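Shown next: final_38.cif, given as mmCIF, C-alpha atoms and all ligand atoms.
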```
data_query
#
loop_
_atom_site.label_atom_id
_atom_site.label_comp_id
_atom_site.auth_asym_id
_atom_site.auth_seq_id
_atom_site.Cartn_x
_atom_site.Cartn_y
_atom_site.Cartn_z
CA ALA A 10 15.41 28.71 -16.89
CA GLU A 11 13.82 26.00 -19.01
CA THR A 12 17.18 24.43 -19.81
CA SER A 13 18.09 24.02 -16.15
CA SER A 14 15.03 22.02 -15.14
CA VAL A 15 15.50 18.48 -13.81
CA ARG A 16 13.05 15.70 -14.60
CA ILE A 17 12.72 12.17 -13.15
CA THR A 18 10.17 9.40 -13.75
CA CYS A 19 9.79 6.38 -11.42
CA THR A 20 7.27 3.63 -10.72
CA ALA A 21 6.18 1.87 -7.50
CA PRO A 22 4.05 -1.24 -6.99
CA VAL A 23 0.82 -1.82 -5.09
CA ASN A 24 1.34 -3.90 -1.94
CA ILE A 25 -1.11 -6.27 -0.32
CA ALA A 26 -1.01 -6.46 3.45
CA ILE A 27 -0.93 -10.03 4.75
CA ILE A 28 -0.43 -9.10 8.41
CA LYS A 29 -2.13 -5.73 8.64
CA TYR A 30 -1.25 -2.39 10.11
CA TRP A 31 -4.14 -1.02 12.17
CA GLY A 32 -3.67 1.75 14.71
CA LYS A 33 -1.20 4.60 15.08
CA ARG A 34 0.82 5.43 18.15
CA ASP A 35 1.72 8.81 16.62
CA GLU A 36 -0.71 10.48 14.22
CA GLU A 37 1.65 13.23 13.12
CA LEU A 38 4.64 11.04 12.21
CA ILE A 39 2.43 8.09 11.19
CA LEU A 40 3.98 5.56 13.58
CA PRO A 41 2.10 2.26 13.90
CA LEU A 42 1.12 0.31 16.99
CA ASN A 43 2.16 -2.94 15.34
CA SER A 44 4.55 -4.17 12.67
CA SER A 45 3.01 -5.42 9.41
CA LEU A 46 3.89 -7.63 6.45
CA SER A 47 2.94 -7.31 2.79
CA ILE A 48 3.63 -8.64 -0.68
CA SER A 49 4.33 -6.20 -3.48
CA LEU A 50 2.77 -6.93 -6.84
CA HIS A 51 4.99 -7.10 -9.91
CA GLN A 52 5.39 -3.73 -11.54
CA ASP A 53 3.96 -4.93 -14.82
CA GLN A 54 0.66 -5.29 -12.93
CA LEU A 55 -0.71 -2.58 -10.65
CA LYS A 56 1.59 0.36 -10.21
CA SER A 57 1.88 4.12 -9.91
CA THR A 58 4.09 6.14 -12.23
CA THR A 59 5.26 9.58 -11.18
CA THR A 60 7.11 12.23 -13.13
CA ALA A 61 8.51 15.16 -11.20
CA VAL A 62 10.10 18.23 -12.74
CA ALA A 63 11.98 20.81 -10.70
CA SER A 64 12.84 24.18 -12.13
CA PRO A 65 13.92 27.61 -10.87
CA ALA A 66 11.22 28.96 -13.20
CA PHE A 67 8.40 27.43 -11.16
CA SER A 68 6.84 29.74 -8.57
CA GLU A 69 4.99 27.02 -6.64
CA ASP A 70 4.63 23.26 -6.23
CA LYS A 71 1.90 21.70 -8.35
CA LEU A 72 0.37 18.24 -8.56
CA TRP A 73 -1.64 16.37 -11.19
CA LEU A 74 -3.26 13.05 -10.32
CA ASN A 75 -4.31 11.03 -13.36
CA GLY A 76 -4.22 14.24 -15.39
CA GLN A 77 -6.34 16.31 -12.99
CA GLU A 78 -4.77 19.10 -11.02
CA LYS A 79 -5.02 18.63 -7.23
CA SER A 80 -4.27 20.92 -4.34
CA VAL A 81 -0.81 20.50 -2.85
CA GLN A 82 -2.05 21.83 0.49
CA GLU A 83 -3.12 18.39 1.72
CA SER A 84 -1.28 17.90 5.01
CA ARG A 85 0.31 14.51 4.29
CA LEU A 86 1.57 15.63 0.91
CA GLN A 87 3.03 18.69 2.62
CA ALA A 88 4.64 16.51 5.29
CA LEU A 89 6.21 14.31 2.60
CA LEU A 90 7.50 17.25 0.55
CA HIS A 91 8.85 18.89 3.67
CA GLU A 92 10.65 15.72 4.74
CA VAL A 93 12.32 15.28 1.31
CA ARG A 94 13.50 18.89 1.24
CA ARG A 95 14.69 18.71 4.86
CA ARG A 96 16.83 15.67 4.04
CA ALA A 97 17.96 17.19 0.74
CA ALA A 98 19.21 20.26 2.58
CA LYS A 99 21.49 17.97 4.62
CA ARG A 100 23.14 16.38 1.59
CA PRO A 101 26.89 15.83 1.66
CA LEU A 102 29.15 18.46 0.15
CA GLU A 103 29.98 16.64 -3.09
CA ASP A 104 26.27 16.58 -3.91
CA VAL A 105 25.97 20.28 -3.31
CA GLN A 106 28.81 20.84 -5.73
CA ARG A 107 27.04 18.76 -8.31
CA GLU A 108 24.00 20.90 -7.66
CA GLU A 109 25.85 23.89 -9.03
CA GLU A 110 26.54 21.89 -12.16
CA VAL A 111 22.81 21.59 -12.66
CA VAL A 112 22.63 25.18 -13.76
CA GLU A 113 25.86 25.00 -15.73
CA SER A 114 25.60 21.76 -17.59
CA VAL A 115 22.27 20.74 -19.01
CA ASN A 116 23.64 17.42 -20.18
CA SER A 117 25.13 16.32 -16.88
CA GLU A 118 24.33 12.69 -16.10
CA HIS A 119 23.91 13.29 -12.40
CA ARG A 120 21.74 16.33 -12.27
CA LEU A 121 20.04 17.09 -8.99
CA ALA A 122 17.62 19.83 -8.10
CA PRO A 123 18.42 22.20 -5.23
CA PRO A 124 15.86 21.80 -2.42
CA SER A 125 14.69 25.37 -2.90
CA TRP A 126 13.33 24.69 -6.41
CA HIS A 127 9.60 24.12 -6.79
CA VAL A 128 8.30 20.92 -8.34
CA HIS A 129 5.56 20.00 -10.78
CA ILE A 130 4.45 16.44 -10.14
CA SER A 131 2.31 14.22 -12.34
CA SER A 132 1.23 10.87 -10.92
CA LYS A 133 -0.74 8.16 -12.70
CA ASN A 134 -2.10 4.79 -11.69
CA ASN A 135 -2.66 2.01 -14.22
CA PHE A 136 -5.71 0.94 -12.18
CA PRO A 137 -8.81 2.72 -10.79
CA THR A 138 -7.79 5.32 -8.21
CA GLY A 139 -9.75 5.53 -4.97
CA ALA A 140 -11.45 2.18 -5.54
CA GLY A 141 -9.96 0.66 -2.42
CA LEU A 142 -7.06 -0.81 -4.35
CA ALA A 143 -4.32 0.67 -2.19
CA SER A 144 -3.64 3.51 -4.63
CA SER A 145 -2.37 5.72 -1.81
CA ALA A 146 0.34 3.17 -0.96
CA SER A 147 1.86 2.93 -4.44
CA GLY A 148 1.19 6.62 -5.09
CA TYR A 149 2.97 7.98 -2.02
CA ALA A 150 5.80 5.44 -2.33
CA CYS A 151 6.34 6.52 -5.91
CA LEU A 152 6.22 10.17 -4.98
CA ALA A 153 8.74 9.71 -2.16
CA PHE A 154 11.13 7.78 -4.39
CA THR A 155 10.84 10.16 -7.36
CA LEU A 156 11.38 13.27 -5.25
CA ALA A 157 14.31 11.62 -3.47
CA GLN A 158 15.96 10.99 -6.86
CA LEU A 159 15.20 14.52 -8.00
CA PHE A 160 16.65 16.20 -4.92
CA GLY A 161 19.45 13.66 -4.42
CA VAL A 162 18.27 12.24 -1.10
CA ARG A 163 20.12 9.00 -0.36
CA GLY A 164 19.81 6.24 2.19
CA GLU A 165 16.68 4.97 3.84
CA LEU A 166 13.64 6.38 2.01
CA SER A 167 10.68 4.36 3.33
CA GLY A 168 10.39 6.81 6.25
CA ILE A 169 9.61 9.54 3.69
CA ALA A 170 6.90 7.46 2.01
CA ARG A 171 5.44 6.67 5.46
CA ARG A 172 4.68 10.37 5.94
CA GLY A 173 2.25 10.22 3.01
CA SER A 174 0.48 7.02 4.05
CA GLY A 175 1.67 4.38 6.51
CA SER A 176 1.22 1.43 4.17
CA ALA A 177 3.15 3.32 1.45
CA CYS A 178 6.47 2.59 3.15
CA ARG A 179 6.03 -1.08 2.22
CA SER A 180 5.66 -0.22 -1.51
CA MET A 181 9.26 1.01 -1.55
CA TYR A 182 10.40 -2.58 -2.06
CA GLY A 183 9.36 -5.57 -4.12
CA GLY A 184 8.83 -9.07 -2.78
CA VAL A 185 7.80 -9.60 0.82
CA VAL A 186 8.20 -6.52 2.96
CA ARG A 187 7.99 -5.96 6.71
CA TRP A 188 7.28 -2.54 8.20
CA THR A 189 8.83 -2.64 11.65
CA HIS A 190 6.87 -0.57 14.14
CA GLY A 191 10.05 0.76 15.74
CA GLU A 192 10.67 2.09 19.23
CA GLN A 193 12.00 5.61 18.75
CA ALA A 194 9.77 8.63 19.32
CA ASP A 195 11.04 10.36 16.14
CA GLY A 196 10.18 7.33 13.96
CA ALA A 197 13.76 6.83 12.73
CA ASP A 198 13.45 3.05 13.20
CA SER A 199 9.88 2.75 11.88
CA ILE A 200 10.94 1.66 8.41
CA ALA A 201 10.21 -0.98 5.78
CA VAL A 202 12.64 -3.79 5.02
CA GLN A 203 12.52 -6.38 2.28
CA VAL A 204 12.45 -9.77 3.96
CA ILE A 205 12.24 -11.87 0.77
CA PRO A 206 13.17 -10.68 -2.74
CA GLU A 207 10.86 -10.31 -5.76
CA SER A 208 11.48 -13.72 -7.27
CA TYR A 209 10.71 -15.45 -3.98
CA TRP A 210 7.57 -17.37 -4.90
CA PRO A 211 6.69 -17.29 -8.60
CA GLU A 212 3.70 -19.63 -8.19
CA LEU A 213 1.82 -17.22 -5.93
CA ARG A 214 -1.26 -15.58 -7.50
CA VAL A 215 -3.53 -12.78 -6.30
CA PHE A 216 -6.96 -11.94 -7.71
CA ILE A 217 -8.34 -8.53 -6.89
CA LEU A 218 -12.12 -8.55 -6.83
CA VAL A 219 -13.58 -5.06 -6.97
CA VAL A 220 -16.79 -5.43 -5.01
CA SER A 221 -17.44 -1.71 -4.87
CA ASP A 222 -15.48 1.23 -6.17
CA LEU A 223 -17.36 3.76 -4.05
CA GLN A 224 -15.38 5.91 -1.63
CA LYS A 225 -15.33 4.18 1.75
CA ALA A 226 -17.55 5.68 4.45
CA VAL A 227 -14.87 5.55 7.15
CA SER A 228 -11.31 6.31 6.02
CA SER A 229 -8.57 4.06 7.36
CA SER A 230 -7.17 6.97 9.39
CA GLU A 231 -10.53 7.66 11.00
CA GLY A 232 -11.16 3.95 11.54
CA MET A 233 -7.78 3.47 13.22
CA ARG A 234 -8.32 6.50 15.43
CA ARG A 235 -11.64 5.09 16.58
CA SER A 236 -10.25 1.59 17.17
CA VAL A 237 -7.28 2.92 19.16
CA ALA A 238 -9.65 4.91 21.34
CA THR A 239 -12.23 2.20 21.99
CA SER A 240 -11.11 -1.37 21.15
CA ARG A 241 -9.38 -3.40 23.83
CA LEU A 242 -9.03 -6.21 21.30
CA LEU A 243 -6.78 -3.92 19.29
CA GLN A 244 -4.39 -3.49 22.22
CA HIS A 245 -4.20 -7.25 22.62
CA ARG A 246 -3.67 -7.76 18.89
CA ALA A 247 -0.91 -5.18 18.63
CA THR A 248 1.10 -6.41 21.59
CA VAL A 249 0.42 -10.15 21.80
CA LEU A 250 -1.10 -11.54 18.60
CA VAL A 251 0.71 -9.71 15.79
CA PRO A 252 4.29 -10.63 16.80
CA GLU A 253 3.33 -14.30 16.60
CA LEU A 254 1.36 -13.88 13.35
CA LEU A 255 4.33 -12.10 11.77
CA ARG A 256 6.82 -14.74 12.79
CA LYS A 257 4.64 -17.53 11.43
CA ALA A 258 3.78 -15.70 8.19
CA GLU A 259 7.43 -14.97 7.41
CA ALA A 260 8.32 -18.60 8.07
CA ALA A 261 5.45 -19.80 5.85
CA VAL A 262 6.59 -17.62 2.93
CA LYS A 263 10.18 -18.74 3.32
CA ALA A 264 9.04 -22.37 3.25
CA HIS A 265 6.64 -21.77 0.31
CA ASP A 266 4.00 -23.26 2.59
CA PHE A 267 0.86 -21.95 0.90
CA PRO A 268 -1.70 -23.55 3.28
CA ALA A 269 -0.01 -22.00 6.33
CA PHE A 270 0.55 -18.65 4.61
CA SER A 271 -2.98 -18.48 3.34
CA GLN A 272 -4.55 -19.45 6.65
CA LEU A 273 -2.54 -16.80 8.47
CA ALA A 274 -3.64 -14.19 5.92
CA MET A 275 -7.31 -15.12 6.37
CA CYS A 276 -7.02 -15.15 10.19
CA ASP A 277 -5.30 -11.78 10.22
CA SER A 278 -7.88 -10.23 7.92
CA ASN A 279 -10.73 -11.60 10.00
CA GLN A 280 -9.03 -10.33 13.15
CA LEU A 281 -8.82 -6.83 11.67
CA HIS A 282 -12.52 -6.87 10.84
CA ALA A 283 -13.34 -8.28 14.28
CA ILE A 284 -11.54 -5.29 15.74
CA CYS A 285 -13.62 -3.02 13.53
CA LEU A 286 -16.70 -4.62 15.08
CA ASP A 287 -15.18 -4.24 18.55
CA THR A 288 -14.70 -0.53 17.81
CA HIS A 289 -17.30 1.87 19.15
CA PRO A 290 -19.32 2.82 17.20
CA PRO A 291 -18.54 -0.28 15.08
CA ILE A 292 -17.10 0.01 11.58
CA PHE A 293 -18.38 -2.25 8.78
CA TYR A 294 -15.97 -2.48 5.89
CA LEU A 295 -17.10 -5.86 4.56
CA ASN A 296 -20.44 -6.28 2.83
CA ASP A 297 -22.54 -9.29 1.84
CA THR A 298 -20.55 -9.82 -1.35
CA SER A 299 -17.28 -9.79 0.63
CA ARG A 300 -18.67 -12.47 2.91
CA GLN A 301 -19.87 -14.52 -0.06
CA ILE A 302 -16.34 -14.44 -1.44
CA MET A 303 -15.04 -15.66 1.92
CA ARG A 304 -17.55 -18.50 1.89
CA LEU A 305 -16.60 -19.46 -1.66
CA VAL A 306 -12.92 -19.66 -0.67
CA HIS A 307 -13.69 -21.82 2.37
CA ALA A 308 -15.99 -24.05 0.30
CA TYR A 309 -13.23 -24.44 -2.30
CA ASN A 310 -10.70 -25.42 0.36
CA GLN A 311 -13.14 -27.85 1.87
CA ALA A 312 -13.75 -29.46 -1.52
CA CYS A 313 -9.97 -29.74 -2.03
CA ALA A 314 -9.54 -31.12 1.52
CA GLU A 315 -6.63 -28.69 1.83
CA ILE A 316 -6.11 -24.94 1.87
CA ARG A 317 -5.48 -23.90 -1.72
CA ALA A 318 -7.01 -20.44 -1.63
CA GLY A 319 -7.19 -17.58 0.82
CA TYR A 320 -8.47 -14.03 1.07
CA THR A 321 -7.65 -10.78 2.71
CA PHE A 322 -9.62 -7.51 2.97
CA ASP A 323 -8.35 -4.03 3.82
CA ALA A 324 -10.49 -1.12 4.95
CA GLY A 325 -13.15 -1.80 2.33
CA PRO A 326 -15.27 -4.57 0.77
CA ASN A 327 -12.86 -5.49 -2.07
CA ALA A 328 -11.26 -8.92 -1.87
CA PHE A 329 -7.71 -10.01 -2.51
CA VAL A 330 -7.96 -13.71 -3.24
CA LEU A 331 -4.72 -15.62 -2.80
CA THR A 332 -3.86 -18.86 -4.53
CA THR A 333 -1.09 -20.57 -6.50
CA ALA A 334 -0.63 -21.20 -10.23
CA ARG A 335 -1.97 -24.75 -9.86
CA ASP A 336 -5.44 -23.59 -8.77
CA ALA A 337 -5.58 -20.20 -10.49
CA SER A 338 -7.71 -20.95 -13.54
CA LYS A 339 -10.10 -23.26 -11.71
CA LEU A 340 -10.65 -20.71 -8.96
CA LEU A 341 -11.04 -17.87 -11.42
CA GLY A 342 -13.68 -19.92 -13.26
CA LEU A 343 -15.60 -20.38 -10.02
CA ILE A 344 -15.32 -16.69 -9.16
CA ALA A 345 -16.55 -15.72 -12.64
CA HIS A 346 -19.42 -18.17 -12.30
CA PHE A 347 -20.63 -16.94 -8.90
CA PHE A 348 -19.75 -13.29 -9.38
CA PRO A 349 -20.22 -12.52 -13.07
CA PRO A 350 -18.95 -9.07 -14.03
CA GLN A 351 -21.72 -6.54 -14.48
CA THR A 352 -21.63 -3.33 -16.39
CA SER A 353 -23.10 -0.40 -14.57
CA ASN A 354 -22.18 3.22 -15.16
CA SER A 355 -19.49 1.80 -17.45
CA LYS A 356 -17.74 0.27 -14.43
CA ARG A 357 -17.45 -3.40 -13.67
CA TYR A 358 -18.95 -4.77 -10.50
CA ILE A 359 -19.13 -8.19 -8.97
CA ARG A 360 -22.71 -9.17 -8.39
CA GLY A 361 -23.48 -10.30 -4.87
CA LEU A 362 -25.15 -13.65 -4.41
CA PRO A 363 -28.32 -13.85 -2.36
CA LEU A 364 -27.25 -14.75 1.18
CA THR A 365 -29.17 -18.01 1.11
CA THR A 366 -27.22 -19.46 -1.84
CA ASP A 367 -24.25 -21.52 -0.76
CA PRO A 368 -21.33 -22.00 -3.09
CA PRO A 369 -20.93 -25.69 -4.03
O1 LIG B 401 -1.72 3.38 5.15
P1 LIG B 401 -3.18 3.55 5.28
O2 LIG B 401 -3.54 4.71 6.14
O3 LIG B 401 -3.88 3.57 3.95
O4 LIG B 401 -3.76 2.27 6.08
C1 LIG B 401 -3.76 0.98 5.55
C2 LIG B 401 -4.51 0.05 6.42
C3 LIG B 401 -4.78 -1.32 5.83
O5 LIG B 401 -4.79 -1.27 4.43
C4 LIG B 401 -6.16 -1.77 6.29
C5 LIG B 401 -3.79 -2.36 6.33
C6 LIG B 401 -2.41 -2.31 5.73
O6 LIG B 401 -1.50 -2.78 6.43
O7 LIG B 401 -2.23 -1.88 4.59
#
```

What's the structure tokens form of this structure?
Amino acid sequence: AETSSVRITCTAPVNIAIIKYWGKRDEELILPLNSSLSISLHQDQLKSTTTAVASPAFSEDKLWLNGQEKSVQESRLQALLHEVRRRAAKRPLEDVQREEEVVESVNSEHRLAPPSWHVHISSKNNFPTGAGLASSASGYACLAFTLAQLFGVRGELSGIARRGSGSACRSMYGGVVRWTHGEQADGADSIAVQVIPESYWPELRVFILVVSDLQKAVSSSEGMRRSVATSRLLQHRATVLVPELLRKAEAAVKAHDFPAFSQLAMCDSNQLHAICLDTHPPIFYLNDTSRQIMRLVHAYNQACAEIRAGYTFDAGPNAFVLTTARDASKLLGLIAHFFPPQTSNSKRYIRGLPLTTDPP
């Protein structure tokens, strides 16, 4: 049995949402109210790596996350596994024939696992997991891609990643990626597409400032559910504001227009957090340090008399600071000056400034 196992290892990048996804129209299938746009980081930076082994000798599916065994019963993981196996079961005939070769020829180049085989999955992140650094996006994207290779699922795969975590579908591609909300009830057209390839804008830089690595109080799923139920601003955003933001952001990236791109990113992030405040009861993802970072970025832009830096925040206090190569070291120096790294519980934090201190 050991000789007939199939093993695959793949990686997937973290993506940073520039025009954000907030609100589901279908909780089960994870279908969004609005389309969204993100940039994927290079894979030599933040990424997930997943190894999956399938074998007829395994009696159950198993999962290890950063070396620790986790339950596979989690509903989204189950939904993802189920979707891969469902598609694998519909593979074309020539693949099924190759499947028989799996058992016969250990050295076959194109070995695929039959969908009935159980899998042992090991996933690792090269960055802190659960620190609000979008680990679920790269993690689920990587899992979807690895399992698809293992079971020989071809074609559009972002819809599989989406079942793990909505934003994960965008980590299936590098470069600039749009997740189209889609119209169909079964989610077949709610997929990610690469709008601009990896090498699109080499001067772009992103700093990730870990303000807090504590688990967030309100998960993004819970937050979205609450906003959908109570925020009228969200309805307006999803139908009226986002289509325009998306159009402008895509045009700005294509034109390498950093000021426009950065301003749109900041506006979209602030709009998301305004919606969180418009939600009842309100949700507070940003903290004083987050707001100090925002003020520093605006002060920097004011001093430059032009937008040379931006920020964006997801469902947590950590900042993604956007800039270009030209301003990177100067901005990093300022960030290090105002938010010197602190060591506490052997983790690094950014120290918040007192609210009364203005950045220069
Ligand atoms: O995919 P989820 O459920 O982790 O939600 C992600 C939501 C945001 O990060 C706030 C926005 C986004 O588009 O990634």

Draw an axis-aligned box tight on the listed atoms of ligand LIG 401 (chain B), then pad every side by 5 Å and write out centre and edge lengths in Å to one decimal as JSON.
```
{"center_x": -3.8, "center_y": 1.0, "center_z": 5.2, "size_x": 14.7, "size_y": 17.5, "size_z": 12.5}
```

From A:Arg96, A:His91, A:Arg187, A:Lys257, residue lying nearest ligand LIG 401 (chain B) [all atoms listed in the file]: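 Of all the options, A:Arg187 lies closest to ligand LIG 401 (chain B).
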
Test item: residues lying within 7 Å of ligand LIG 401 (chain B) with only C-alpha atoms and all ligand atoms, as number ranges by chain: A: 25-26, 28-31, 45, 143, 145-146, 174-177, 229-230, 323-324

Exercise: Ser125 of chain A partners within 10 Å, all atoms listed in the file, chain neighbours under 6 positions left out, as a compact mmCIF listing (two decimals) with C-alpha atoms, in the frame of the given file:
```txt
# COMPACT_ATOMS: atom_id res chain seq x y z
CA ALA A 63 11.98 20.81 -10.70
CA SER A 64 12.84 24.18 -12.13
CA PRO A 65 13.92 27.61 -10.87
CA ARG A 94 13.50 18.89 1.24
CA ALA A 97 17.96 17.19 0.74
CA ALA A 98 19.21 20.26 2.58
CA PHE A 160 16.65 16.20 -4.92
```

Top pick for closest residue to Phe293 of chain A, considering A:Leu38, A:Ala226, A:Ala337, A:Leu273 and counting only C-alpha atoms: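 The shortest atom-to-atom distance to Phe293 of chain A comes from A:Ala226.
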
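Take the candidates A:Val202, A:Leu166, A:Leu72, A:Leu223 and check each one against Leu46 of chain A using only C-alpha atoms; the shortest distance goes to A:Val202.
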
Shell of 10 Å around Thr138 of chain A, only C-alpha atoms, local chain residues under 2 positions omitted, as an MDAnalysis selection string: chainID A and resid 57 74:75 133:136 140:145 148 222

Proximity to Asp297 of chain A - best of A:Thr321, A:Asn327, A:Ser49, A:Ser199, all atoms listed in the file: A:Asn327

Atomic separation - atom CA of Ala261 of chain A relative to atom CA of Asp336 of chain A, Å: 18.6 Å

Residues near Cys285 of chain A, cut-off 10 Å, only C-alpha atoms, skip fewer than 2 positions along chain, as a PyMOL selection string: chain A and resi 31+232-233+235-236+240+242-243+279-283+287-294+324

Non-local contacts of Gln87 of chain A (12 Å; only C-alpha atoms; under 5 positions in same chain excluded) as a PyMOL selection string: chain A and resi 37+70-72+80-82+92-95+149+152-153+169-170+172-173

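Closest to Leu213 of chain A among A:Asp35, A:Glu231, A:Asp266, A:Asp195 is A:Asp266, based on only C-alpha atoms.
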
Using all atoms listed in the file: which of A:Ile344, A:Ala201, A:Ala122, A:Val185 has the shortest distance to Gln301 of chain A: A:Ile344

Pairwise distance for atom CA of Pro137 of chain A and atom CA of Gly76 of chain A, rounded to one decimal in Å: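 Taking atom CA of Pro137 of chain A and atom CA of Gly76 of chain A, their separation equals 13.2 Å.
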
Using all atoms listed in the file, which residues of segment 327-354 of chain A come within 12 Å of segment 275-278 of chain A, and what is the closest atom pair for each, with the distance in Å to one decimal? Give it as a tab-separated table, sorted by chain and residue number.
```
residue	atom	partner	partner_atom	distance
A:Ala328	CA	A:Ser278	CA	10.4
A:Phe329	CA	A:Met275	CA	10.3
A:Val330	CA	A:Met275	CA	9.7
A:Leu331	CA	A:Met275	CA	9.5
```
